[in-house]
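Chemist: File my_file.csv below, CSV, C-alpha atoms:
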```csv
chain,number,residue,atom,x,y,z
A,1,MET,CA,-193.5,-93.8,-144.3
A,2,ILE,CA,-196.9,-92.5,-145.6
A,3,ALA,CA,-197.0,-90.2,-148.6
A,4,ALA,CA,-199.7,-87.8,-147.6
A,5,ASP,CA,-198.5,-84.7,-149.6
A,6,THR,CA,-201.2,-84.5,-152.3
A,7,TYR,CA,-200.3,-81.0,-153.4
A,8,ARG,CA,-196.7,-80.8,-154.5
A,9,PRO,CA,-196.1,-82.5,-157.9
A,10,GLY,CA,-193.8,-85.5,-157.6
A,11,ALA,CA,-193.9,-85.5,-153.8
A,12,LYS,CA,-195.2,-89.1,-153.7
A,13,ASP,CA,-192.6,-90.3,-156.2
A,14,GLN,CA,-189.8,-88.5,-154.4
A,15,LEU,CA,-190.7,-90.2,-151.1
A,16,VAL,CA,-190.9,-93.6,-152.8
A,17,GLN,CA,-187.4,-93.1,-154.3
A,18,LEU,CA,-186.1,-92.1,-150.9
A,19,GLY,CA,-187.7,-95.1,-149.2
A,20,GLN,CA,-186.0,-97.4,-151.7
A,21,LYS,CA,-182.6,-95.9,-151.0
A,22,ILE,CA,-182.9,-96.4,-147.2
A,23,ASN,CA,-184.9,-99.7,-147.5
A,24,VAL,CA,-188.1,-98.3,-145.8
A,25,ASN,CA,-191.6,-99.1,-147.1
A,26,VAL,CA,-193.7,-96.3,-148.4
A,27,TYR,CA,-197.5,-96.3,-148.5
A,28,THR,CA,-199.1,-94.4,-151.4
A,29,SER,CA,-202.7,-93.9,-152.6
A,30,GLU,CA,-204.6,-91.5,-154.9
A,31,SER,CA,-207.1,-90.4,-152.2
A,32,ASP,CA,-207.2,-87.3,-150.0
A,33,SER,CA,-204.5,-86.8,-147.3
A,34,LEU,CA,-206.6,-87.9,-144.3
A,35,THR,CA,-207.8,-91.0,-146.0
A,36,ILE,CA,-204.3,-91.9,-147.2
A,37,ILE,CA,-203.0,-91.5,-143.6
A,38,LYS,CA,-205.8,-93.7,-142.1
A,39,GLU,CA,-205.4,-96.4,-144.7
A,40,GLY,CA,-201.6,-96.2,-144.4
A,41,LEU,CA,-201.6,-96.6,-140.6
A,42,GLU,CA,-204.0,-99.6,-140.9
A,43,PHE,CA,-201.9,-101.2,-143.6
A,44,PHE,CA,-198.6,-100.9,-141.6
A,45,LYS,CA,-200.3,-102.0,-138.4
A,46,LYS,CA,-201.4,-105.2,-140.1
A,47,GLN,CA,-197.8,-105.6,-141.3
A,48,GLY,CA,-196.5,-105.4,-137.7
A,49,TYR,CA,-194.9,-102.0,-137.9
A,50,HIS,CA,-194.6,-99.8,-134.7
A,51,ILE,CA,-193.4,-96.5,-136.2
A,52,ALA,CA,-194.9,-94.6,-139.1
A,53,LEU,CA,-193.5,-91.3,-140.4
A,54,ILE,CA,-196.3,-89.2,-142.2
A,55,ASP,CA,-195.2,-86.8,-144.8
A,56,THR,CA,-197.8,-84.0,-145.2
A,57,ALA,CA,-197.8,-81.1,-147.6
A,58,GLY,CA,-195.8,-78.0,-146.9
A,59,ARG,CA,-198.0,-75.0,-146.0
A,60,HIS,CA,-197.9,-71.3,-145.2
A,61,LYS,CA,-199.6,-69.6,-142.3
A,62,ASP,CA,-201.9,-67.7,-144.7
A,63,GLU,CA,-203.1,-70.8,-146.5
A,64,LYS,CA,-206.3,-71.3,-144.4
A,65,SER,CA,-207.5,-74.5,-146.2
A,66,LEU,CA,-204.1,-76.2,-145.7
A,67,MET,CA,-203.9,-75.1,-142.0
A,68,ASP,CA,-207.4,-76.4,-141.4
A,69,GLU,CA,-206.4,-79.7,-143.1
A,70,MET,CA,-203.5,-80.0,-140.7
A,71,LYS,CA,-205.7,-79.4,-137.7
A,72,LYS,CA,-208.1,-82.1,-138.9
A,73,ILE,CA,-205.3,-84.6,-139.4
A,74,VAL,CA,-203.9,-84.0,-135.9
A,75,ASP,CA,-207.3,-84.1,-134.3
A,76,GLN,CA,-208.3,-87.4,-135.9
A,77,ILE,CA,-205.0,-89.2,-136.1
A,78,LYS,CA,-203.5,-88.0,-132.8
A,79,PRO,CA,-199.9,-88.5,-133.7
A,80,ASP,CA,-197.3,-89.1,-131.0
A,81,GLU,CA,-195.2,-86.2,-132.2
A,82,VAL,CA,-195.6,-83.3,-134.6
A,83,PHE,CA,-192.5,-82.0,-136.4
A,84,LEU,CA,-192.4,-78.5,-137.9
A,85,VAL,CA,-189.8,-78.3,-140.7
A,86,ILE,CA,-188.5,-74.8,-141.1
A,87,ASP,CA,-186.4,-73.6,-144.1
A,88,ALA,CA,-183.4,-71.7,-142.6
A,89,THR,CA,-183.4,-69.2,-145.5
A,90,ILE,CA,-186.7,-67.6,-144.4
A,91,GLY,CA,-184.8,-65.9,-141.5
A,92,GLN,CA,-187.0,-64.0,-139.0
A,93,GLN,CA,-190.2,-65.0,-140.9
A,94,ALA,CA,-189.7,-68.3,-139.1
A,95,LYS,CA,-191.2,-66.8,-135.9
A,96,SER,CA,-194.6,-65.8,-137.4
A,97,GLN,CA,-194.7,-69.1,-139.2
A,98,ALA,CA,-194.0,-71.1,-136.1
A,99,GLU,CA,-196.5,-69.0,-134.0
A,100,ALA,CA,-199.3,-69.7,-136.5
A,101,PHE,CA,-198.5,-73.4,-136.5
A,102,SER,CA,-198.4,-73.7,-132.7
A,103,LYS,CA,-201.8,-72.0,-132.5
A,104,ALA,CA,-203.2,-74.7,-134.9
A,105,VAL,CA,-201.5,-77.7,-133.4
A,106,THR,CA,-199.2,-78.6,-130.6
A,107,ILE,CA,-195.7,-78.8,-132.1
A,108,ALA,CA,-193.3,-81.1,-130.2
A,109,SER,CA,-190.1,-80.7,-132.3
A,110,ILE,CA,-188.6,-78.5,-135.0
A,111,ILE,CA,-186.3,-79.5,-137.9
A,112,ILE,CA,-184.2,-76.7,-139.5
A,113,THR,CA,-183.2,-77.4,-143.1
A,114,LYS,CA,-180.8,-75.7,-145.6
A,115,LEU,CA,-178.2,-74.9,-143.0
A,116,ASP,CA,-175.5,-75.7,-145.7
A,117,GLY,CA,-176.2,-72.4,-147.5
A,118,SER,CA,-175.5,-68.8,-146.5
A,119,ALA,CA,-178.4,-68.9,-143.9
A,120,LYS,CA,-177.2,-69.7,-140.4
A,121,GLY,CA,-180.6,-70.5,-138.9
A,122,GLY,CA,-180.9,-67.6,-136.5
A,123,GLY,CA,-184.6,-67.3,-137.3
A,124,ALA,CA,-185.1,-70.8,-135.9
A,125,LEU,CA,-184.2,-69.6,-132.4
A,126,SER,CA,-187.2,-67.2,-132.6
A,127,ALA,CA,-189.3,-70.1,-133.9
A,128,VAL,CA,-188.4,-72.2,-130.9
A,129,ALA,CA,-189.2,-69.4,-128.5
A,130,ALA,CA,-192.6,-68.9,-130.1
A,131,THR,CA,-193.6,-72.6,-129.8
A,132,ASN,CA,-191.7,-73.9,-126.7
A,133,ALA,CA,-190.7,-76.8,-129.0
A,134,LYS,CA,-187.2,-78.3,-129.2
A,135,ILE,CA,-185.0,-78.3,-132.2
A,136,ARG,CA,-184.6,-82.0,-132.8
A,137,PHE,CA,-182.7,-82.2,-136.2
A,138,ILE,CA,-180.9,-79.9,-138.6
A,139,GLY,CA,-180.4,-80.4,-142.3
A,140,THR,CA,-177.0,-79.6,-143.8
A,141,GLY,CA,-177.5,-80.8,-147.3
A,142,GLU,CA,-179.7,-82.8,-149.7
A,143,GLY,CA,-178.3,-86.2,-149.0
A,144,ILE,CA,-179.8,-88.9,-146.8
A,145,ASP,CA,-176.9,-88.6,-144.3
A,146,ASP,CA,-177.2,-84.8,-144.1
A,147,LEU,CA,-179.8,-84.8,-141.3
A,148,GLU,CA,-178.0,-84.3,-138.0
A,149,LEU,CA,-179.1,-84.5,-134.4
A,150,PHE,CA,-179.3,-80.9,-133.0
A,151,ASP,CA,-176.6,-79.9,-130.5
A,152,ALA,CA,-177.0,-76.5,-129.0
A,153,GLN,CA,-173.3,-75.7,-128.5
A,154,SER,CA,-172.5,-76.7,-132.1
A,155,PHE,CA,-175.4,-74.7,-133.4
A,156,VAL,CA,-174.5,-71.5,-131.6
A,157,SER,CA,-170.8,-71.9,-132.7
A,158,ARG,CA,-172.0,-72.1,-136.3
A,159,LEU,CA,-174.3,-69.1,-135.8
A,160,LEU,CA,-171.5,-67.0,-134.5
A,161,GLY,CA,-169.1,-68.2,-137.2
A,162,LEU,CA,-166.9,-70.0,-134.7
A,163,GLY,CA,-167.0,-73.3,-136.5
A,164,ASP,CA,-168.0,-76.7,-135.1
A,165,LEU,CA,-165.0,-78.8,-134.2
A,166,LYS,CA,-167.2,-81.2,-132.3
A,167,SER,CA,-169.2,-82.1,-135.4
A,168,LEU,CA,-166.0,-82.4,-137.5
A,169,ILE,CA,-164.5,-84.9,-135.0
A,170,GLU,CA,-167.7,-86.9,-135.2
A,171,LYS,CA,-167.6,-86.9,-139.0
A,172,VAL,CA,-164.0,-88.1,-138.9
A,173,LYS,CA,-165.1,-91.0,-136.6
A,174,GLU,CA,-168.0,-91.9,-138.9
A,175,ALA,CA,-165.8,-91.9,-141.9
A,176,GLU,CA,-163.7,-94.6,-140.2
A,177,ILE,CA,-160.4,-93.0,-141.3
A,178,ASN,CA,-157.7,-95.6,-140.8
A,179,GLU,CA,-155.4,-94.0,-138.3
A,180,LYS,CA,-153.2,-97.1,-138.1
A,181,ARG,CA,-152.5,-97.1,-141.9
A,182,PHE,CA,-151.7,-93.4,-141.8
A,183,GLU,CA,-149.2,-94.0,-138.9
A,184,GLU,CA,-147.6,-96.7,-141.0
A,185,ILE,CA,-147.2,-94.3,-143.9
A,186,VAL,CA,-145.6,-91.7,-141.7
A,187,SER,CA,-143.3,-94.2,-139.9
A,188,THR,CA,-142.0,-95.5,-143.3
A,189,GLY,CA,-142.1,-92.3,-145.2
A,190,LYS,CA,-143.5,-94.2,-148.2
A,191,LEU,CA,-146.7,-93.1,-149.9
A,192,THR,CA,-148.1,-94.7,-153.0
A,193,LEU,CA,-150.9,-93.4,-155.3
A,194,LEU,CA,-153.0,-96.2,-153.8
A,195,ASP,CA,-152.6,-94.6,-150.3
A,196,PHE,CA,-153.2,-91.2,-151.9
A,197,GLU,CA,-156.5,-92.6,-153.3
A,198,TYR,CA,-157.5,-93.9,-150.0
A,199,GLN,CA,-156.9,-90.5,-148.3
A,200,ILE,CA,-159.1,-88.9,-151.0
A,201,GLU,CA,-161.9,-91.5,-150.4
A,202,SER,CA,-161.7,-90.7,-146.6
A,203,MET,CA,-162.1,-87.0,-147.4
A,204,VAL,CA,-165.1,-87.6,-149.5
A,205,LYS,CA,-166.7,-89.6,-146.7
A,206,LEU,CA,-166.4,-86.4,-144.5
A,207,GLY,CA,-168.7,-84.6,-147.0
A,208,SER,CA,-168.1,-81.8,-149.4
A,209,PHE,CA,-165.2,-79.4,-149.0
A,210,SER,CA,-167.6,-76.6,-148.2
A,211,LYS,CA,-169.1,-78.5,-145.3
A,212,ILE,CA,-165.8,-79.3,-143.8
A,213,LEU,CA,-164.7,-75.6,-144.0
A,214,GLY,CA,-168.0,-74.6,-142.5
A,215,LEU,CA,-167.0,-76.7,-139.4
A,216,LEU,CA,-163.6,-75.0,-139.0
A,217,PRO,CA,-163.3,-71.6,-137.1
A,218,GLY,CA,-162.7,-68.7,-139.5
A,219,LEU,CA,-162.9,-70.7,-142.7
A,220,SER,CA,-166.7,-70.8,-143.3
A,221,SER,CA,-166.6,-67.5,-145.2
A,222,LEU,CA,-164.1,-68.4,-147.9
A,223,PRO,CA,-165.1,-67.3,-151.5
A,224,ALA,CA,-167.7,-69.7,-152.9
A,225,GLU,CA,-165.8,-70.1,-156.2
A,226,LEU,CA,-162.7,-71.3,-154.3
A,227,VAL,CA,-164.7,-73.9,-152.4
A,228,LYS,CA,-166.5,-75.0,-155.5
A,229,ASN,CA,-163.2,-75.5,-157.4
A,230,ALA,CA,-161.8,-77.5,-154.5
A,231,ASP,CA,-164.8,-79.8,-154.6
A,232,ASN,CA,-164.6,-80.2,-158.3
A,233,GLU,CA,-160.9,-81.0,-158.2
A,234,ILE,CA,-161.4,-83.7,-155.6
A,235,LYS,CA,-164.1,-85.3,-157.8
A,236,ARG,CA,-161.7,-85.1,-160.8
A,237,TRP,CA,-158.9,-86.8,-158.8
A,238,LYS,CA,-161.2,-89.7,-158.0
A,239,VAL,CA,-162.1,-90.3,-161.6
A,240,ILE,CA,-158.4,-90.0,-162.7
A,241,LEU,CA,-157.3,-92.5,-160.0
A,242,SER,CA,-160.0,-94.9,-161.0
A,243,SER,CA,-158.6,-95.0,-164.5
A,244,MET,CA,-155.2,-96.1,-163.3
A,245,THR,CA,-154.1,-99.8,-162.9
A,246,LYS,CA,-153.2,-101.1,-159.5
A,247,GLU,CA,-149.6,-101.5,-160.7
A,248,GLU,CA,-149.5,-97.8,-161.7
A,249,LYS,CA,-150.8,-96.8,-158.3
A,250,LEU,CA,-148.2,-98.9,-156.5
A,251,ASN,CA,-145.4,-97.7,-158.7
A,252,PRO,CA,-146.1,-94.1,-160.0
A,253,ALA,CA,-142.7,-94.1,-161.7
A,254,LEU,CA,-144.4,-96.1,-164.5
A,255,LEU,CA,-146.5,-93.1,-165.5
A,256,ASN,CA,-144.8,-91.9,-168.7
A,257,GLY,CA,-146.4,-89.7,-171.4
A,258,SER,CA,-148.3,-92.5,-173.2
A,259,ARG,CA,-149.8,-93.9,-169.9
A,260,ILE,CA,-150.8,-90.4,-168.8
A,261,ARG,CA,-152.6,-89.8,-172.2
A,262,ARG,CA,-154.4,-93.2,-171.8
A,263,ILE,CA,-155.5,-92.3,-168.2
A,264,ALA,CA,-156.7,-88.8,-169.4
A,265,ILE,CA,-158.8,-90.4,-172.2
A,266,GLY,CA,-160.2,-93.1,-169.8
A,267,SER,CA,-161.2,-90.5,-167.2
A,268,GLY,CA,-162.5,-87.9,-169.6
A,269,THR,CA,-159.9,-85.4,-168.5
A,270,LYS,CA,-156.9,-83.7,-170.0
A,271,PRO,CA,-153.2,-84.9,-169.6
A,272,GLU,CA,-152.5,-81.7,-167.7
A,273,ASP,CA,-155.2,-82.7,-165.2
A,274,VAL,CA,-153.4,-86.0,-164.6
A,275,ARG,CA,-150.0,-84.2,-164.2
A,276,SER,CA,-151.6,-81.8,-161.8
A,277,LEU,CA,-152.8,-84.7,-159.6
A,278,LEU,CA,-149.3,-86.2,-159.8
A,279,LYS,CA,-147.8,-82.9,-158.6
A,280,ARG,CA,-150.2,-82.9,-155.6
A,281,TYR,CA,-149.2,-86.5,-154.9
A,282,GLU,CA,-145.5,-85.6,-155.0
A,283,LEU,CA,-146.2,-82.6,-152.7
A,284,MET,CA,-148.0,-84.9,-150.2
A,285,LYS,CA,-145.1,-87.4,-150.4
A,286,SER,CA,-142.6,-84.7,-149.5
A,287,GLN,CA,-144.9,-83.6,-146.6
A,288,ILE,CA,-145.0,-87.2,-145.4
A,289,LYS,CA,-141.1,-87.3,-145.4
A,290,ILE,CA,-141.1,-84.1,-143.3
A,291,LEU,CA,-143.5,-85.7,-140.9
A,292,LYS,CA,-141.3,-88.8,-140.6
A,293,ARG,CA,-138.2,-86.6,-139.8
A,294,ASN,CA,-140.1,-84.7,-137.1
A,295,ARG,CA,-142.2,-87.6,-135.8
A,296,ASN,CA,-140.6,-87.8,-132.4
A,297,PHE,CA,-141.0,-84.0,-131.9
A,298,ILE,CA,-144.6,-84.2,-132.9
A,299,LYS,CA,-145.3,-87.0,-130.5
A,300,LYS,CA,-143.7,-85.0,-127.6
A,301,LEU,CA,-145.8,-81.9,-128.7
A,302,GLY,CA,-148.9,-84.0,-128.8
A,303,GLY,CA,-148.3,-85.4,-125.3
A,304,ALA,CA,-147.7,-81.9,-124.0
A,305,TYR,CA,-150.9,-80.4,-125.5
A,306,LYS,CA,-153.5,-83.1,-125.1
A,307,VAL,CA,-157.1,-81.9,-125.4
```
Could you write out this structure as structure tokens?

Modeler:
Amino acid sequence: MIAADTYRPGAKDQLVQLGQKINVNVYTSESDSLTIIKEGLEFFKKQGYHIALIDTAGRHKDEKSLMDEMKKIVDQIKPDEVFLVIDATIGQQAKSQAEAFSKAVTIASIIITKLDGSAKGGGALSAVAATNAKIRFIGTGEGIDDLELFDAQSFVSRLLGLGDLKSLIEKVKEAEINEKRFEEIVSTGKLTLLDFEYQIESMVKLGSFSKILGLLPGLSSLPAELVKNADNEIKRWKVILSSMTKEEKLNPALLNGSRIRRIAIGSGTKPEDVRSLLKRYELMKSQIKILKRNRNFIKKLGGAYKV
């Protein structure tokens, strides 16, 4: 990657930190943008690299000097592909922004960011129509793994508030949730706190609770406070469970008052928080027993209603 954003404070440092996280080299310099790009490309070419991602400054259609700089960069560097990154929260303003950019340079692809907030990205559709470019990626958060390949059907479903079950299924697969282990738990009807911890870790891999709800039809508009509380509770459970010994997780009956106080102190929580987790665990245990009793019926139902 080449850090060519010389305007935003900390842009270079931020890209370097990102590169370290994903093990990608970043070229930096204190020169002007065009010089940095030329030197960076030459540097990586000598290193044997075949792909370079150039990070340039964000710019508005009314910032003539920055728009002229972008045209100069594209004219001299001749990149294989130009990405226009659009903030989903600007709504219909995306159209005028995209039109101005497409007049300056040929845009091949569009990336829509901040689709995890209240904005649904409808303005991006106008942007695509204005440039004839394709939406290549969408950003659904601030994490490295929150950049997703664009899928038209999923996008429209989210736009209409119909959820995105396809993306949810993909997330479940990526999280590598152990279906075999869950089947064993259901077949025996036995659930330990170690199993409970594993299920929570699997949920965390799917992403925040708010993201999961956003992929489910009819649940994306739940009160923000409720969703935030659910996310906080899951984080608190993780910390509490990490303060337990393996023996306690395998045999929760050992958790008397003194052990609960020790766990609360070790996790920086209150004894009532630990007891609340244990209540949720007991509830899940009872649900597992119900699943065990109705296992054959569920199997038949699953066979009759295969998707």

Chemist: What is the distance between atom CA of A:Lys249 and atom CA of A:Tyr281, in Å to one decimal?

Modeler: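 Result for atom CA of A:Lys249 versus atom CA of A:Tyr281: 11.0 Å, one decimal.
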
Chemist: Which is closest to A:Ala100 among A:Glu69, A:Asp75, A:Glu81, A:Asp62, if we use only C-alpha atoms?

Modeler: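 Between A:Glu69, A:Asp75, A:Glu81, A:Asp62, the residue approaching A:Ala100 most closely is A:Asp62.
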
Chemist: What is the distance, in Å and to one decimal place, between atom CA of A:Asp87 and atom CA of A:Gly123?

Modeler: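 These atoms are spaced 9.4 Å apart.
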
Chemist: Write out as a list in words the residues lying within 9 Å of A:Thr131, counting only C-alpha atoms and excluding same-chain residues fewer than 2 positions away.

Modeler: Lys95, Ala98, Glu99, Phe101, Ser102, Lys103, Thr106, Ile107, Ala108, Ser126, Ala127, Val128, Ala129, Ala133 and Lys134 of chain A

Chemist: Could you tell me how far atom CA of A:Glu142 sits from atom CA of A:Ser65, in Å to one decimal place?

Modeler: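 We find that atom CA of A:Ser65 and atom CA of A:Glu142 lie 29.2 Å from each other.
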
Chemist: Hey, what's within 10 Å of stretch 9-24 of chain A if we count all atoms listed in the file and toss same-chain stuff fewer than 3 positions away? As a list in words, please?

Modeler: Met1, Ile2, Ala3, Ala4, Asp5, Thr6, Tyr27, Thr28, Ser29, Glu30, Asp55, Thr56, Ala57, Gly143 and Ile144 of chain A

Chemist: Go through A:Phe150, A:Phe196, A:Tyr49, A:Phe83 and flag the residue nearest A:Ser242, using only C-alpha atoms for the distances.

Modeler: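 Once distances to A:Ser242 are computed over only C-alpha atoms, the minimum belongs to A:Phe196.
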
Chemist: Up to 12 Å from (-198.2, -93.5, -138.7) in the file's coordinates: name the residues, counting only C-alpha atoms, as a PyMOL selection string.

Modeler: chain A and resi 1-4+26-27+34+36-45+49-56+73-74+77-82

Chemist: Using only C-alpha atoms, determine which residues lie at most 8 Å from A:Leu191, disregarding the query and same-chain residues fewer than 4 positions distant; provide the list as a ChimeraX atom specification.

Modeler: /A:185,195-196,285,288

Chemist: Would you save the residues from that selection as a PDB file, keeping the file's coordinate frame, using C-alpha atoms?

Modeler:
```pdb
ATOM      1  CA  ILE A 185    -147.200 -94.300-143.900  1.00  0.00           C
ATOM      2  CA  ASP A 195    -152.600 -94.600-150.300  1.00  0.00           C
ATOM      3  CA  PHE A 196    -153.200 -91.200-151.900  1.00  0.00           C
ATOM      4  CA  LYS A 285    -145.100 -87.400-150.400  1.00  0.00           C
ATOM      5  CA  ILE A 288    -145.000 -87.200-145.400  1.00  0.00           C
TER       6      ILE A 288
END
```

Chemist: I want to know what sits within 10 Å of A:Ala264, based on all atoms listed in the file, with residues of the same chain fewer than 2 positions away left out; could you give that as a PyMOL selection string?

Modeler: chain A and resi 239-240+243-244+258-262+266-275

Chemist: Which residues, written as a list in words, have at least one atom at most 9 Å from A:Asp151, with only C-alpha atoms counted and residues fewer than 6 positions away on the same chain left out?

Modeler: Ile135, Arg136 and Phe137 of chain A

Chemist: Let me make sure I understand: among A:Asp32, A:Val105, A:Arg8, A:Ile90, which one has the smallest atom-to-atom distance to A:Asp68 if we use all atoms listed in the file?

Modeler: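 With all atoms listed in the file as the atom set, the closest residue is A:Val105.
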
Chemist: Is there a way to get, as an NGL selection string, all residues within 12 Å of the point (-185.0, -79.2, -145.7) in file coordinates, counting only C-alpha atoms?

Modeler: :A and (58 or 84-90 or 110-117 or 121 or 137-144 or 146-148)
